[in-house]
$ cat structure.txt   # compact mmCIF, C-alpha atoms
# COMPACT_ATOMS: atom_id res chain seq x y z
CA MET A 1 106.93 112.66 96.80
CA SER A 2 103.87 110.46 96.22
CA CYS A 3 104.07 107.82 98.93
CA GLY A 4 101.62 105.28 97.52
CA LYS A 5 101.51 102.16 99.71
CA SER A 6 104.44 103.24 101.87
CA ASP A 7 102.32 105.00 104.48
CA TYR A 8 103.80 102.71 107.18
CA PHE A 9 107.24 104.19 106.42
CA VAL A 10 105.95 107.80 106.43
CA LYS A 11 103.91 107.31 109.62
CA ASN A 12 106.77 105.81 111.62
CA LEU A 13 109.44 108.15 110.25
CA ASN A 14 107.32 111.13 111.30
CA LYS A 15 106.75 109.58 114.74
CA PHE A 16 110.49 109.04 115.20
CA LEU A 17 111.46 112.57 114.09
CA ILE A 18 109.01 114.11 116.56
CA SER A 19 110.07 111.85 119.46
CA LYS A 20 113.78 112.61 118.94
CA ASN A 21 113.26 116.30 118.12
CA ILE A 22 115.18 115.92 114.86
CA ASN A 23 114.96 118.94 112.61
CA LEU A 24 113.56 117.17 109.57
CA ASP A 25 109.94 117.85 108.58
CA LEU A 26 107.99 115.76 106.08
CA TYR A 27 106.15 117.36 103.16
CA PRO A 28 104.45 114.54 101.24
CA ILE A 29 102.54 115.27 98.06
CA ASP A 30 100.09 112.96 96.33
CA SER A 31 97.31 113.12 93.78
CA ASN A 32 95.03 111.06 96.04
CA LYS A 33 93.35 113.38 98.54
CA ASN A 34 92.50 110.40 100.75
CA SER A 35 96.10 109.25 101.18
CA LYS A 36 96.64 107.99 104.71
CA PHE A 37 100.01 109.69 105.11
CA PHE A 38 98.41 113.15 104.88
CA LYS A 39 97.73 112.96 108.59
CA TYR A 40 101.35 112.06 109.37
CA SER A 41 102.93 115.34 108.36
CA LYS A 42 102.63 119.04 109.08
CA LYS A 43 102.16 120.16 105.52
CA PRO A 44 100.90 117.59 103.01
CA PHE A 45 99.72 118.68 99.55
CA LYS A 46 97.31 117.23 97.07
CA CYS A 47 98.79 117.59 93.60
CA PRO A 48 97.91 116.84 89.96
CA LYS A 49 98.87 113.40 88.69
CA ILE A 50 102.62 113.25 88.24
CA ASN A 51 102.43 112.25 84.55
CA SER A 52 100.09 115.15 83.73
CA LYS A 53 101.17 118.47 82.17
CA LYS A 54 99.97 120.37 85.23
CA PHE A 55 102.30 118.59 87.65
CA GLU A 56 105.55 120.29 86.66
CA SER A 57 104.18 123.83 87.11
CA PHE A 58 102.57 122.78 90.39
CA PHE A 59 105.78 121.24 91.67
CA PHE A 60 108.10 124.15 90.99
CA LYS A 61 105.55 126.58 92.41
CA TYR A 62 105.39 124.33 95.48
CA LEU A 63 109.19 124.46 95.81
CA SER A 64 109.23 128.25 95.55
CA LYS A 65 106.81 128.55 98.49
CA ASN A 66 108.39 125.93 100.78
CA GLN A 67 111.90 125.40 102.07
CA ILE A 68 112.64 121.90 100.77
CA ASP A 69 116.11 120.44 101.33
CA LEU A 70 115.66 116.80 100.28
CA ILE A 71 113.47 115.02 97.77
CA MET A 72 112.81 111.28 97.85
CA PRO A 73 111.10 109.23 95.11
CA PHE A 74 108.58 106.53 96.02
CA ASN A 75 107.68 105.06 92.63
CA ASP A 76 108.85 104.87 89.02
CA ASN A 77 106.83 107.89 87.91
CA ASP A 78 108.62 109.92 90.58
CA LEU A 79 111.94 108.69 89.21
CA LYS A 80 110.99 109.67 85.66
CA PHE A 81 110.05 113.17 86.81
CA LEU A 82 113.38 113.53 88.62
CA LYS A 83 115.25 112.30 85.54
CA ASP A 84 113.47 114.79 83.26
CA ASN A 85 114.02 117.71 85.65
CA TYR A 86 117.27 116.70 87.33
CA ASN A 87 119.42 119.66 86.31
CA LYS A 88 116.71 122.14 87.20
CA LEU A 89 116.21 120.53 90.61
CA ASN A 90 119.78 119.66 91.50
CA SER A 91 120.79 123.30 91.90
CA LYS A 92 118.08 123.83 94.51
CA ILE A 93 117.65 120.56 96.37
CA LYS A 94 119.40 117.32 97.34
CA ILE A 95 117.93 114.46 95.34
CA LEU A 96 117.86 111.02 96.99
CA ALA A 97 118.30 109.23 93.68
CA PRO A 98 121.17 108.57 91.22
CA SER A 99 122.10 110.63 88.16
CA PRO A 100 119.53 110.98 85.33
CA THR A 101 121.59 108.67 83.09
CA LYS A 102 121.44 105.89 85.66
CA ILE A 103 117.75 106.49 86.38
CA TYR A 104 117.07 106.03 82.66
CA LYS A 105 119.04 102.77 82.60
CA PHE A 106 117.13 101.34 85.54
CA LEU A 107 113.68 102.47 84.38
CA ASN A 108 114.30 100.80 81.02
CA LYS A 109 114.96 97.17 81.88
CA LYS A 110 116.62 96.56 78.52
CA PHE A 111 119.62 98.56 79.76
CA SER A 112 119.82 97.11 83.29
CA ASN A 113 121.52 93.95 82.05
CA LYS A 114 124.30 95.96 80.40
CA PHE A 115 124.93 97.71 83.73
CA LEU A 116 125.16 94.34 85.53
CA ARG A 117 127.37 92.84 82.83
CA ASN A 118 129.79 95.77 83.12
CA ILE A 119 130.28 95.08 86.84
CA ASN A 120 130.72 91.32 86.25
CA LEU A 121 127.54 90.05 87.90
CA ASN A 122 125.18 87.41 86.59
CA TYR A 123 121.76 88.57 85.44
CA VAL A 124 118.50 87.22 84.10
CA LYS A 125 119.12 87.20 80.36
CA LEU A 126 116.62 88.51 77.84
CA LEU A 127 115.22 86.25 75.15
CA ASN A 128 114.96 87.37 71.55
CA LYS A 129 111.28 87.23 70.60
CA LYS A 130 112.09 85.88 67.14
CA ASN A 131 114.18 83.01 68.50
CA ILE A 132 111.84 81.75 71.23
CA THR A 133 111.01 78.06 70.77
CA LYS A 134 109.02 75.42 72.64
CA LYS A 135 112.03 74.39 74.73
CA ASP A 136 112.25 77.91 76.26
CA PHE A 137 108.93 77.60 78.09
CA PRO A 138 107.75 78.51 80.59
CA ILE A 139 108.72 82.15 80.04
CA ILE A 140 107.65 85.45 81.54
CA VAL A 141 106.78 88.67 79.74
CA LYS A 142 107.29 92.03 81.47
CA GLU A 143 106.94 95.63 80.42
CA SER A 144 110.37 97.02 79.63
CA GLY A 145 109.83 100.58 80.85
CA GLU A 146 110.68 101.98 77.42
CA ILE A 147 107.16 103.33 76.82
CA ASN A 148 105.48 103.15 80.22
CA VAL A 149 107.81 103.46 83.23
CA LYS A 150 105.34 101.71 85.51
CA THR A 151 106.39 98.07 85.04
CA LYS A 152 105.06 96.22 88.08
CA GLY A 153 104.12 92.60 87.46
CA PHE A 154 104.53 90.08 84.67
CA LYS A 155 102.69 87.46 82.63
CA LYS A 156 103.72 83.81 82.60
CA PHE A 157 103.29 81.69 79.48
CA ASN A 158 103.59 77.92 79.48
CA ASP A 159 103.39 77.27 75.75
CA LEU A 160 104.39 78.84 72.44
CA GLU A 161 100.88 79.05 70.97
CA THR A 162 99.43 81.15 73.82
CA PHE A 163 102.53 83.36 73.79
CA GLN A 164 102.24 84.03 70.05
CA LYS A 165 98.58 85.02 70.38
CA PHE A 166 99.51 87.51 73.10
CA ILE A 167 102.33 89.04 71.02
CA LYS A 168 100.06 89.59 68.03
CA LYS A 169 97.79 91.78 70.17
CA LYS A 170 100.55 93.81 71.83
CA LYS A 171 103.37 96.12 70.77
CA SER A 172 106.37 93.94 71.57
CA LYS A 173 108.66 96.99 71.77
CA ASN A 174 107.31 97.64 75.25
CA PHE A 175 108.09 94.12 76.51
CA ILE A 176 111.02 91.99 77.54
CA PHE A 177 111.08 88.20 77.54
CA GLN A 178 112.83 86.04 80.12
CA ASN A 179 113.06 82.42 81.22
CA PHE A 180 110.93 81.47 84.21
CA TYR A 181 112.97 80.34 87.22
CA GLN A 182 111.29 77.29 88.75
CA LYS A 183 110.53 77.63 92.47
CA GLU A 184 111.84 74.11 93.08
CA LYS A 185 115.35 75.22 92.10
CA PHE A 186 115.42 78.97 92.71
CA LYS A 187 113.99 81.37 95.26
CA GLU A 188 113.31 85.06 94.73
CA TYR A 189 114.94 87.64 96.98
CA THR A 190 114.66 91.39 97.50
CA ILE A 191 117.54 93.31 99.02
CA ASP A 192 116.75 96.71 100.54
CA ILE A 193 119.79 98.96 100.88
CA MET A 194 120.27 102.18 102.83
CA CYS A 195 123.23 104.04 101.41
CA ASN A 196 125.22 107.25 101.41
CA HIS A 197 127.91 107.33 98.71
CA ILE A 198 129.55 110.42 100.24
CA LYS A 199 130.11 108.65 103.57
CA ASN A 200 130.72 105.28 101.86
CA PHE A 201 127.92 103.85 104.02
CA TYR A 202 126.00 100.77 102.81
CA PHE A 203 123.54 98.78 104.93
CA ALA A 204 121.75 95.84 103.27
CA CYS A 205 118.80 93.74 104.41
CA SER A 206 118.05 90.62 102.31
CA ARG A 207 114.72 88.83 102.41
CA GLU A 208 113.10 85.88 100.71
CA ARG A 209 109.77 86.71 99.10
CA ILE A 210 107.40 84.15 100.64
CA LYS A 211 104.07 85.59 99.52
CA THR A 212 103.10 88.55 97.34
CA LYS A 213 99.93 90.51 96.68
CA ASN A 214 99.74 92.72 93.58
CA TYR A 215 103.44 91.90 93.11
CA VAL A 216 104.40 93.43 96.48
CA SER A 217 105.67 91.23 99.34
CA VAL A 218 103.19 90.59 102.13
CA LYS A 219 105.20 87.78 103.75
CA SER A 220 108.98 87.61 103.86
CA LYS A 221 111.81 85.91 105.66
CA ILE A 222 115.06 87.68 106.47
CA VAL A 223 118.11 85.80 105.17
CA PHE A 224 121.79 86.11 106.05
CA ASN A 225 124.14 85.30 103.21
CA LYS A 226 127.47 87.08 102.83
CA LYS A 227 127.77 86.49 99.08
CA LEU A 228 124.27 87.84 98.43
CA ASN A 229 124.83 90.97 100.51
CA LEU A 230 128.27 91.68 99.06
CA GLN A 231 126.95 91.48 95.50
CA ALA A 232 124.02 93.74 96.40
CA ILE A 233 126.35 96.32 97.97
CA LYS A 234 128.60 96.12 94.90
CA ILE A 235 125.57 97.15 92.80
CA ALA A 236 124.68 99.94 95.25
CA LYS A 237 128.22 101.37 95.13
CA LYS A 238 128.08 101.55 91.34
CA ILE A 239 124.66 103.23 91.44
CA ASN A 240 126.33 105.98 93.50
CA MET A 241 123.48 107.56 95.44
CA THR A 242 122.20 108.48 98.88
CA GLY A 243 118.88 107.17 100.15
CA LEU A 244 117.02 103.87 99.82
CA LEU A 245 117.12 101.44 96.92
CA ASN A 246 115.96 97.88 96.32
CA ILE A 247 117.18 95.19 93.97
CA GLN A 248 115.90 91.70 93.19
CA CYS A 249 117.44 88.38 92.25
CA PHE A 250 116.92 84.65 91.90
CA ALA A 251 119.28 82.35 93.79
CA ASN A 252 119.57 78.60 94.18
CA LYS A 253 119.62 76.79 97.52
CA ASN A 254 123.27 77.37 98.41
CA PHE A 255 123.55 80.77 96.68
CA GLU A 256 126.07 79.30 94.25
CA LYS A 257 124.10 80.86 91.42
CA ILE A 258 122.66 84.38 91.79
CA TYR A 259 120.91 86.12 88.89
CA TRP A 260 120.00 89.79 89.32
CA PHE A 261 117.14 91.53 87.51
CA ASP A 262 115.16 94.52 88.85
CA LEU A 263 117.27 97.52 89.97
CA ASN A 264 115.09 100.15 91.65
CA PRO A 265 116.83 103.29 93.02
CA ARG A 266 113.90 104.10 95.31
CA ILE A 267 112.09 102.79 98.38
CA SER A 268 110.51 99.34 98.02
CA GLY A 269 106.88 98.41 98.63
CA GLY A 270 108.11 95.94 101.24
CA ILE A 271 110.32 98.40 103.13
CA ASP A 272 108.51 97.57 106.37
CA PHE A 273 110.38 94.24 106.56
CA PHE A 274 113.65 96.20 106.77
CA ILE A 275 112.07 98.46 109.40
CA GLN A 276 110.87 95.47 111.45
CA SER A 277 114.32 93.90 111.32
CA ASN A 278 116.42 96.88 112.40
CA PRO A 279 115.37 98.62 115.66
CA SER A 280 117.51 101.65 114.74
CA PHE A 281 116.17 101.92 111.18
CA PHE A 282 114.80 105.47 111.40
CA ARG A 283 117.78 106.83 113.31
CA ASN A 284 120.05 105.32 110.69
CA PHE A 285 117.92 106.64 107.85
CA SER A 286 117.70 110.21 109.17
CA TYR A 287 121.47 110.27 109.83
CA CYS A 288 122.10 108.78 106.40
CA VAL A 289 120.21 111.43 104.43
CA LEU A 290 121.58 114.24 106.61
CA ASN A 291 125.19 113.08 105.98
CA LYS A 292 125.84 112.29 109.65
CA ASP A 293 128.15 109.52 110.81
CA ILE A 294 126.33 106.29 111.65
CA ASN A 295 127.42 103.93 114.40
CA GLN A 296 127.83 100.48 112.85
CA LYS A 297 126.51 98.94 116.09
CA ASN A 298 123.11 100.29 115.07
CA CYS A 299 123.25 98.43 111.75
CA ASN A 300 122.46 94.96 112.98
CA ILE A 301 119.60 92.92 111.57
CA ILE A 302 117.57 91.04 114.16
CA ASP A 303 117.70 87.31 113.44
CA GLN A 304 114.10 86.74 112.38
CA LYS A 305 113.63 82.99 111.94
CA LYS A 306 109.89 83.36 111.71
CA ILE A 307 108.08 84.60 108.61
CA LEU A 308 107.36 88.33 108.81
CA VAL A 309 103.96 89.67 107.83
CA SER A 310 103.77 93.06 106.17
CA LYS A 311 102.57 96.03 108.24
CA ASN A 312 102.64 98.31 105.21
CA ARG A 313 98.88 98.16 104.61

$ encode --input "structure.txt" --output "structure tokens"
Amino acid sequence: MSCGKSDYFVKNLNKFLISKNINLDLYPIDSNKNSKFFKYSKKPFKCPKINSKKFESFFFKYLSKNQIDLIMPFNDNDLKFLKDNYNKLNSKIKILAPSPTKIYKFLNKKFSNKFLRNINLNYVKLLNKKNITKKDFPIIVKESGEINVKTKGFKKFNDLETFQKFIKKKKSKNFIFQNFYQKEKFKEYTIDIMCNHIKNFYFACSRERIKTKNYVSVKSKIVFNKKLNLQAIKIAKKINMTGLLNIQCFANKNFEKIYWFDLNPRISGGIDFFIQSNPSFFRNFSYCVLNKDINQKNCNIIDQKKILVSKNR
């Protein structure tokens, strides 16, 4: 679907499919006619904006004219569309996303914690707006996804007075409130996972977020921690999907404490770090979505001690 800033993924996937003569053509669609990935596929389409009334009629007309076997979401609006039209689509096409019930839970961050609690993992707890006091600061405020599914980013507040002024101007129903995890004690990690629940295949790549731009990683460092990866794969198994997903957490120095928060059953904006770290990434990915057996020898992460710079721009 709409590939946004993931043109690096689309470009290199297309290059790999052509070089290996794999029978899997790309048909990206996007509302931006200047999208870079248009030149990386045989049949790209400009479409209406996905949250417009025109998109649904366009999309099903598009499906009727093209033989589409797989559909992959690239952002939260894509996920919402799949959730709203899942039953209609599922009879015609393989969807690289979880069930509509799970999509709803992950788009609305208020329900993500319940999912994590049910599988006995620690999570970043939500603060009750009415009970927030001076001792809770600093705190962060994020959109919950209940009204607007696009929830990238957050606001940090260091004092109660500034926070209260903000709340008076906004509809608090659309926000969640969390404690801020100090960088001196905790680091933030993203775990990209390639998975196929039918084959029971799960391949995780964990990275420390060194530097971000517009809330997307531009510098990362690959980390190897068994506890972190096992917990991430535990989440992926419960999500029960085929494709790419990414999840985020805070962890202390020795990974004794891990607190999960964002669960995104879609490709991440920093997917290129996974690609850079696994030479067989595209072979593994194409085999994964086509339900082919994957050789575990191809699922090794290169030990990258240096900081990786994003190529996804």

$ closest_atom_pairs --input "structure.txt" --of "region 213-271 of chain A" --to "region 8-19 of chain A" --cutoff "10 Å" --atoms "only C-alpha atoms" --output "tab-separated table"
residue	atom	partner	partner_atom	distance
A:Ile267	CA	A:Phe9	CA	9.5
A:Gly269	CA	A:Phe9	CA	9.7
A:Gly270	CA	A:Phe9	CA	9.8
A:Ile271	CA	A:Phe9	CA	7.3

$ residues_around --input "structure.txt" --residues "region 131-143 of chain A" --least-positions-apart "3" --cutoff "6 Å" --atoms "all atoms listed in the file" --output "PyMOL selection string"
chain A and resi 128+151+154-158+160+174-180

$ write_last_selection --input "structure.txt" --atoms "C-alpha atoms" --output "PDB file, in the frame of the given file"
ATOM      1  CA  ASN A 128     114.960  87.370  71.550  1.00  0.00           C
ATOM      2  CA  THR A 151     106.390  98.070  85.040  1.00  0.00           C
ATOM      3  CA  PHE A 154     104.530  90.080  84.670  1.00  0.00           C
ATOM      4  CA  LYS A 155     102.690  87.460  82.630  1.00  0.00           C
ATOM      5  CA  LYS A 156     103.720  83.810  82.600  1.00  0.00           C
ATOM      6  CA  PHE A 157     103.290  81.690  79.480  1.00  0.00           C
ATOM      7  CA  ASN A 158     103.590  77.920  79.480  1.00  0.00           C
ATOM      8  CA  LEU A 160     104.390  78.840  72.440  1.00  0.00           C
ATOM      9  CA  ASN A 174     107.310  97.640  75.250  1.00  0.00           C
ATOM     10  CA  PHE A 175     108.090  94.120  76.510  1.00  0.00           C
ATOM     11  CA  ILE A 176     111.020  91.990  77.540  1.00  0.00           C
ATOM     12  CA  PHE A 177     111.080  88.200  77.540  1.00  0.00           C
ATOM     13  CA  GLN A 178     112.830  86.040  80.120  1.00  0.00           C
ATOM     14  CA  ASN A 179     113.060  82.420  81.220  1.00  0.00           C
ATOM     15  CA  PHE A 180     110.930  81.470  84.210  1.00  0.00           C
TER      16      PHE A 180
END

$ closest_residue --input "structure.txt" --among "A:Lys92, A:Lys83, A:Lys20, A:Lys297" --to "Lys105 (chain A)" --atoms "all atoms listed in the file"
A:Lys83

$ residues_near_point --input "structure.txt" --point "(119.9, 94.2, 97.8)" --cutoff "8 Å" --atoms "all atoms listed in the file" --output "list in words"
Thr190, Ile191, Asp192, Ile193, Ala204, Cys205, Ser206, Leu228, Asn229, Gln231, Ala232, Ile233, Ala236, Leu245, Asn246, Ile247 and Gln248 of chain A

$ atom_distance --input "structure.txt" --atom1 "CA of Gln304 (chain A)" --atom2 "CA of Ile210 (chain A)"
13.8 Å

$ atom_distance --input "structure.txt" --atom1 "CA of Phe81 (chain A)" --atom2 "CA of Thr242 (chain A)"
17.8 Å

$ atom_distance --input "structure.txt" --atom1 "CA of Lys305 (chain A)" --atom2 "CA of Phe255 (chain A)"
18.3 Å

$ axis_aligned_box --input "structure.txt" --around "region 232-245 of chain A" --padding-each-side "8 Å" --output "AutoDock Vina command-line options"
--center_x 122.8 --center_y 101.1 --center_z 95.7 --size_x 27.6 --size_y 30.7 --size_z 24.8

$ residues_around --input "structure.txt" --residues "Asn200 (chain A)" --least-positions-apart "6" --cutoff "10 Å" --atoms "only C-alpha atoms" --output "PyMOL selection string"
chain A and resi 237+240-242

$ closest_residue --input "structure.txt" --among "A:Phe58, A:Phe74, A:Phe203, A:Phe186" --to "Pro28 (chain A)" --atoms "all atoms listed in the file"
A:Phe74

$ residues_around --input "structure.txt" --residues "region 276-287 of chain A" --least-positions-apart "2" --cutoff "8 Å" --atoms "only C-alpha atoms" --output "list in words"
Leu13, Phe16, Met194, Ile222, Gly243, Asp272, Phe273, Phe274, Val289, Leu290, Asn291, Lys292, Asp293, Ile294, Asn298, Cys299, Asn300, Ile301, Ile302, Asp303 and Gln304 of chain A
